[in-house]
file input_24.pdb (PDB, C-alpha atoms and all ligand atoms)
MODEL        1
ATOM      1  CA  MET J   1      91.258 -10.998  99.453
ATOM      2  CA  LYS J   2      92.359  -8.241 101.762
ATOM      3  CA  LYS J   3      90.054  -5.812 100.015
ATOM      4  CA  TRP J   4      87.045  -8.071 100.391
ATOM      5  CA  SER J   5      87.509  -8.612 104.086
ATOM      6  CA  ALA J   6      87.867  -4.870 104.615
ATOM      7  CA  LEU J   7      84.652  -4.223 102.710
ATOM      8  CA  PHE J   8      82.878  -6.889 104.708
ATOM      9  CA  LEU J   9      83.951  -5.348 107.988
ATOM     10  CA  VAL J  10      82.779  -1.906 106.945
ATOM     11  CA  GLY J  11      79.414  -3.252 105.883
ATOM     12  CA  ALA J  12      79.025  -5.570 108.855
ATOM     13  CA  THR J  13      78.820  -3.010 111.586
ATOM     14  CA  LEU J  14      78.452   0.686 112.125
ATOM     15  CA  LEU J  15      80.422   0.327 115.311
ATOM     16  CA  ALA J  16      83.611  -0.483 113.462
ATOM     17  CA  THR J  17      86.679   1.430 114.470
ATOM     18  CA  PRO J  18      86.906   4.813 112.784
ATOM     19  CA  ALA J  19      88.269   4.799 109.269
ATOM     20  CA  THR J  20      91.927   5.610 109.164
ATOM     21  CA  ALA J  21      93.996   7.030 106.374
ATOM     22  CA  GLU J  22      95.392   3.574 105.868
ATOM     23  CA  ASN J  23      92.147   2.094 104.651
ATOM     24  CA  SER J  24      90.402   5.098 103.137
ATOM     25  CA  ILE J  25      93.180   6.870 101.262
ATOM     26  CA  HIS J  26      94.170   5.732  97.805
ATOM     27  CA  VAL J  27      97.281   7.033  96.137
ATOM     28  CA  THR J  28      97.881   6.716  92.402
ATOM     29  CA  ASP J  29     100.469   7.860  89.900
ATOM     30  CA  ALA J  30     103.241   8.622  92.367
ATOM     31  CA  TRP J  31     106.432   9.715  90.648
ATOM     32  CA  ILE J  32     109.609  11.656  91.221
ATOM     33  CA  ARG J  33     111.185  13.877  88.635
ATOM     34  CA  ALA J  34     114.721  12.725  87.852
ATOM     35  CA  ALA J  35     117.403  15.345  88.470
ATOM     36  CA  PRO J  36     121.141  15.701  87.907
ATOM     37  CA  PRO J  37     123.344  14.472  90.800
ATOM     38  CA  VAL J  38     124.169  18.059  91.794
ATOM     39  CA  ALA J  39     120.511  18.879  92.484
ATOM     40  CA  GLN J  40     119.803  19.721  96.119
ATOM     41  CA  MET J  41     116.105  19.057  95.705
ATOM     42  CA  GLN J  42     113.731  17.018  93.633
ATOM     43  CA  ALA J  43     109.992  17.151  93.286
ATOM     44  CA  GLY J  44     107.563  14.303  93.811
ATOM     45  CA  TYR J  45     104.034  14.104  92.478
ATOM     46  CA  LEU J  46     101.018  11.920  93.172
ATOM     47  CA  THR J  47      97.245  11.841  93.293
ATOM     48  CA  ILE J  48      95.508  11.270  96.625
ATOM     49  CA  GLN J  49      91.877  10.270  96.957
ATOM     50  CA  ASN J  50      89.847   9.921 100.128
ATOM     51  CA  HIS J  51      87.348   7.108  99.685
ATOM     52  CA  GLY J  52      86.467   7.133 103.354
ATOM     53  CA  LYS J  53      83.644   8.837 105.222
ATOM     54  CA  SER J  54      85.792  10.925 107.502
ATOM     55  CA  GLU J  55      88.014  13.874 106.797
ATOM     56  CA  GLN J  56      91.708  13.130 106.508
ATOM     57  CA  SER J  57      94.608  15.502 106.343
ATOM     58  CA  LEU J  58      98.027  14.918 104.850
ATOM     59  CA  ILE J  59     100.583  16.494 107.170
ATOM     60  CA  GLY J  60     103.885  15.296 105.784
ATOM     61  CA  ALA J  61     105.992  12.523 104.370
ATOM     62  CA  THR J  62     109.314  10.784 104.806
ATOM     63  CA  CYS J  63     111.582   9.085 102.311
ATOM     64  CA  ALA J  64     114.812   7.222 103.035
ATOM     65  CA  SER J  65     116.346   8.584  99.824
ATOM     66  CA  PHE J  66     116.105  12.198 101.030
ATOM     67  CA  ALA J  67     117.063  13.969 104.241
ATOM     68  CA  LYS J  68     113.741  15.768 104.438
ATOM     69  CA  VAL J  69     110.373  15.964 102.696
ATOM     70  CA  GLU J  70     108.130  19.023 102.679
ATOM     71  CA  ILE J  71     104.766  19.763 101.095
ATOM     72  CA  HIS J  72     105.017  22.761  98.764
ATOM     73  CA  GLU J  73     102.680  24.624  96.485
ATOM     74  CA  THR J  74     103.903  26.594  93.485
ATOM     75  CA  VAL J  75     102.025  29.864  93.140
ATOM     76  CA  GLN J  76     102.301  32.750  90.725
ATOM     77  CA  HIS J  77     102.881  36.160  92.219
ATOM     78  CA  ASP J  78     103.781  39.299  90.282
ATOM     79  CA  GLY J  79     104.635  37.171  87.269
ATOM     80  CA  GLN J  80     107.045  35.004  89.225
ATOM     81  CA  SER J  81     106.837  31.478  90.506
ATOM     82  CA  HIS J  82     107.159  30.967  94.227
ATOM     83  CA  MET J  83     106.902  27.887  96.364
ATOM     84  CA  LEU J  84     105.001  28.056  99.607
ATOM     85  CA  PRO J  85     105.368  25.362 102.276
ATOM     86  CA  LYS J  86     102.039  23.821 103.283
ATOM     87  CA  ALA J  87     101.537  22.486 106.796
ATOM     88  CA  SER J  88      98.720  20.195 105.740
ATOM     89  CA  ILE J  89      96.502  19.232 102.833
ATOM     90  CA  PRO J  90      92.859  18.723 103.836
ATOM     91  CA  LEU J  91      91.200  15.669 102.324
ATOM     92  CA  PRO J  92      87.457  15.710 102.982
ATOM     93  CA  PRO J  93      85.431  12.612 102.069
ATOM     94  CA  GLY J  94      85.436  12.197  98.297
ATOM     95  CA  ALA J  95      88.382  14.515  97.814
ATOM     96  CA  LYS J  96      90.801  13.968  94.956
ATOM     97  CA  VAL J  97      93.936  16.073  95.208
ATOM     98  CA  SER J  98      96.587  15.964  92.510
ATOM     99  CA  PHE J  99     100.177  16.978  93.092
ATOM    100  CA  THR J 100     101.398  18.139  89.687
ATOM    101  CA  PRO J 101     104.363  20.092  88.277
ATOM    102  CA  THR J 102     102.280  23.280  88.222
ATOM    103  CA  GLY J 103     100.915  23.164  91.758
ATOM    104  CA  LEU J 104     101.343  21.004  94.818
ATOM    105  CA  HIS J 105     104.433  18.861  95.084
ATOM    106  CA  LEU J 106     106.428  16.920  97.594
ATOM    107  CA  MET J 107     109.716  18.761  97.989
ATOM    108  CA  LEU J 108     112.352  16.091  98.375
ATOM    109  CA  ILE J 109     115.344  17.752 100.007
ATOM    110  CA  ASN J 110     118.980  16.632 100.046
ATOM    111  CA  PRO J 111     119.098  13.443  98.004
ATOM    112  CA  GLN J 112     120.973  10.668  99.803
ATOM    113  CA  THR J 113     121.523   8.849  96.546
ATOM    114  CA  THR J 114     121.296   9.543  92.821
ATOM    115  CA  LEU J 115     118.003   8.255  91.508
ATOM    116  CA  LYS J 116     117.756   7.065  87.944
ATOM    117  CA  PRO J 117     114.661   6.898  85.764
ATOM    118  CA  MET J 118     112.672   3.719  86.453
ATOM    119  CA  ASP J 119     113.968   3.500  90.022
ATOM    120  CA  LYS J 120     111.294   2.711  92.586
ATOM    121  CA  VAL J 121     111.305   4.851  95.715
ATOM    122  CA  ALA J 122     109.377   4.178  98.914
ATOM    123  CA  ILE J 123     107.685   7.229 100.404
ATOM    124  CA  THR J 124     105.701   7.199 103.638
ATOM    125  CA  LEU J 125     102.793   9.631 103.797
ATOM    126  CA  LYS J 126     101.775  10.881 107.241
ATOM    127  CA  PHE J 127      98.246  11.863 108.190
ATOM    128  CA  ALA J 128      96.785  13.980 110.978
ATOM    129  CA  ASP J 129      95.087  10.974 112.591
ATOM    130  CA  GLY J 130      98.501   9.432 113.208
ATOM    131  CA  THR J 131      98.347   6.850 110.460
ATOM    132  CA  GLU J 132     101.019   6.392 107.837
ATOM    133  CA  LEU J 133     100.639   5.146 104.300
ATOM    134  CA  PRO J 134     103.529   3.662 102.332
ATOM    135  CA  VAL J 135     103.521   4.420  98.615
ATOM    136  CA  THR J 136     105.939   3.600  95.829
ATOM    137  CA  ALA J 137     107.012   6.377  93.490
ATOM    138  CA  GLU J 138     108.646   5.788  90.133
ATOM    139  CA  VAL J 139     111.490   8.024  89.024
ATOM    140  CA  ARG J 140     110.773   9.568  85.628
ATOM    141  CA  ALA J 141     112.889  11.667  83.306
ATOM    142  CA  ALA J 142     111.869  15.301  83.053
ATOM    143  CA  THR J 143     111.893  15.361  79.271
ATOM    144  CA  GLY J 144     109.740  17.792  77.392
ATOM    145  CA  GLU J 145     108.703  19.832  80.368
ATOM    146  CA  LYS J 146     109.208  23.474  81.019
ATOM    147  CA  SER J 147     111.122  23.640  84.268
ATOM    148  CA  LYS J 148     111.167  27.436  84.548
ATOM    149  CA  GLY J 149     108.949  27.601  87.592
ATOM    150  CA  GLU J 150     110.581  24.836  89.533
ATOM    151  CA  ALA J 151     114.110  25.986  88.888
ATOM    152  CA  GLY J 152     113.351  29.597  89.749
ATOM    153  CA  GLY J 153     111.505  28.674  92.907
ATOM    154  CA  HIS J 154     114.156  26.325  94.139
ATOM    155  CA  SER J 155     116.952  28.851  93.814
ATOM    156  CA  HIS J 156     115.078  31.103  96.187
ATOM    157  CA  HIS J 157     114.736  28.521  98.928
TER     158      HIS J 157
HETATM  159 CU    CU I   1     109.159  22.950  96.349
ENDMDL
END

call {"tool": "encode", "arguments": {"input": "input_24.pdb", "output": "structure tokens", "more": "lines below"}}
Ligand SMILES: [Cu+2]
result
Amino acid sequence: MKKWSALFLVGATLLATPATAENSIHVTDAWIRAAPPVAQMQAGYLTIQNHGKSEQSLIGATCASFAKVEIHETVQHDGQSHMLPKASIPLPPGAKVSFTPTGLHLMLINPQTTLKPMDKVAITLKFADGTELPVTAEVRAATGEKSKGEAGGHSHH
């Protein structure tokens, strides 16, 4: 029902209030890689799509289960993996940006609790227009993945 009324409002008038991240951004497949209790950091992944008509920009996130959340990108340089902090992720209309283990990720710093696979974690995404979007990430085991890049990058933080 909520979706229908939103669509109606958009179609009803061109003078509607500007689209905000809250009603134009769709997040799917949000998950956090499980880590041993000694880990100082964990990585979170998700896919963000901008279905709106105005540019949005992801500028950060918060999560009660971690002291701090940063946006990082893993890049290859001289045969080594490095993680670069990103101040913002531009999301033009129609954009689909995937945070994956080989590229962008949410760096979840200083776990406040030990998360187990299947746990559900609330993350709040923050956008440049001042809006916030709550998403739920599922904790998943890191089985079968090469963790070379992540581990190497993290030790250099
Ligand atoms: Cu990182």

call {"tool": "closest_atom_pairs", "arguments": {"input": "input_24.pdb", "of": "region 118-146 of chain J", "to": "region 54-62 of chain J", "cutoff": "7 Å", "atoms": "all atoms listed in the file", "output": "CSV"}}
result
residue,atom,partner,partner_atom,distance
J:Ile123,CA,J:Thr62,CA,5.9
J:Thr124,CA,J:Thr62,CA,5.2
J:Leu125,CA,J:Ala61,CA,4.4
J:Lys126,CA,J:Gly60,CA,5.1
J:Phe127,CA,J:Leu58,CA,4.5
J:Ala128,CA,J:Ser57,CA,5.3

call {"tool": "residues_near_ligand", "arguments": {"input": "input_24.pdb", "ligand": "ligand CU 1 (chain I)", "cutoff": "6 Å", "atoms": "only C-alpha atoms and all ligand atoms", "output": "list in words"}}
result
His72, Met83 and Met107 of chain J

call {"tool": "atom_distance", "arguments": {"input": "input_24.pdb", "atom1": "CA of Ala137 (chain J)", "atom2": "CA of Lys53 (chain J)"}}
result
26.3 Å

call {"tool": "resolve_selection", "arguments": {"input": "input_24.pdb", "expression": "the PyMOL selection byres (((chain J and resi 104) around 6) and not hetatm)", "output": "list in words"}}
result
His72, Glu73, Phe99, Thr100, Gly103 and His105 of chain J

call {"tool": "resolve_selection", "arguments": {"input": "input_24.pdb", "expression": "the PyMOL selection byres (((chain J and resi 51) around 7) and not hetatm)", "output": "list in words"}}
result
Ser24, Ile25, Gln49, Asn50, Gly52, Lys53, Pro93 and Gly94 of chain J

call {"tool": "residues_near_point", "arguments": {"input": "input_24.pdb", "point": "(110.9, 6.6, 87.6)", "cutoff": "6 Å", "atoms": "all atoms listed in the file", "output": "JSON, numbers by chain"}}
result
{"J": [117, 118, 119, 138, 139, 140]}

call {"tool": "atom_distance", "arguments": {"input": "input_24.pdb", "atom1": "CA of Pro90 (chain J)", "atom2": "CA of Leu133 (chain J)"}}
result
15.7 Å

call {"tool": "atom_distance", "arguments": {"input": "input_24.pdb", "atom1": "CA of Lys116 (chain J)", "atom2": "CA of Ala35 (chain J)"}}
result
8.3 Å
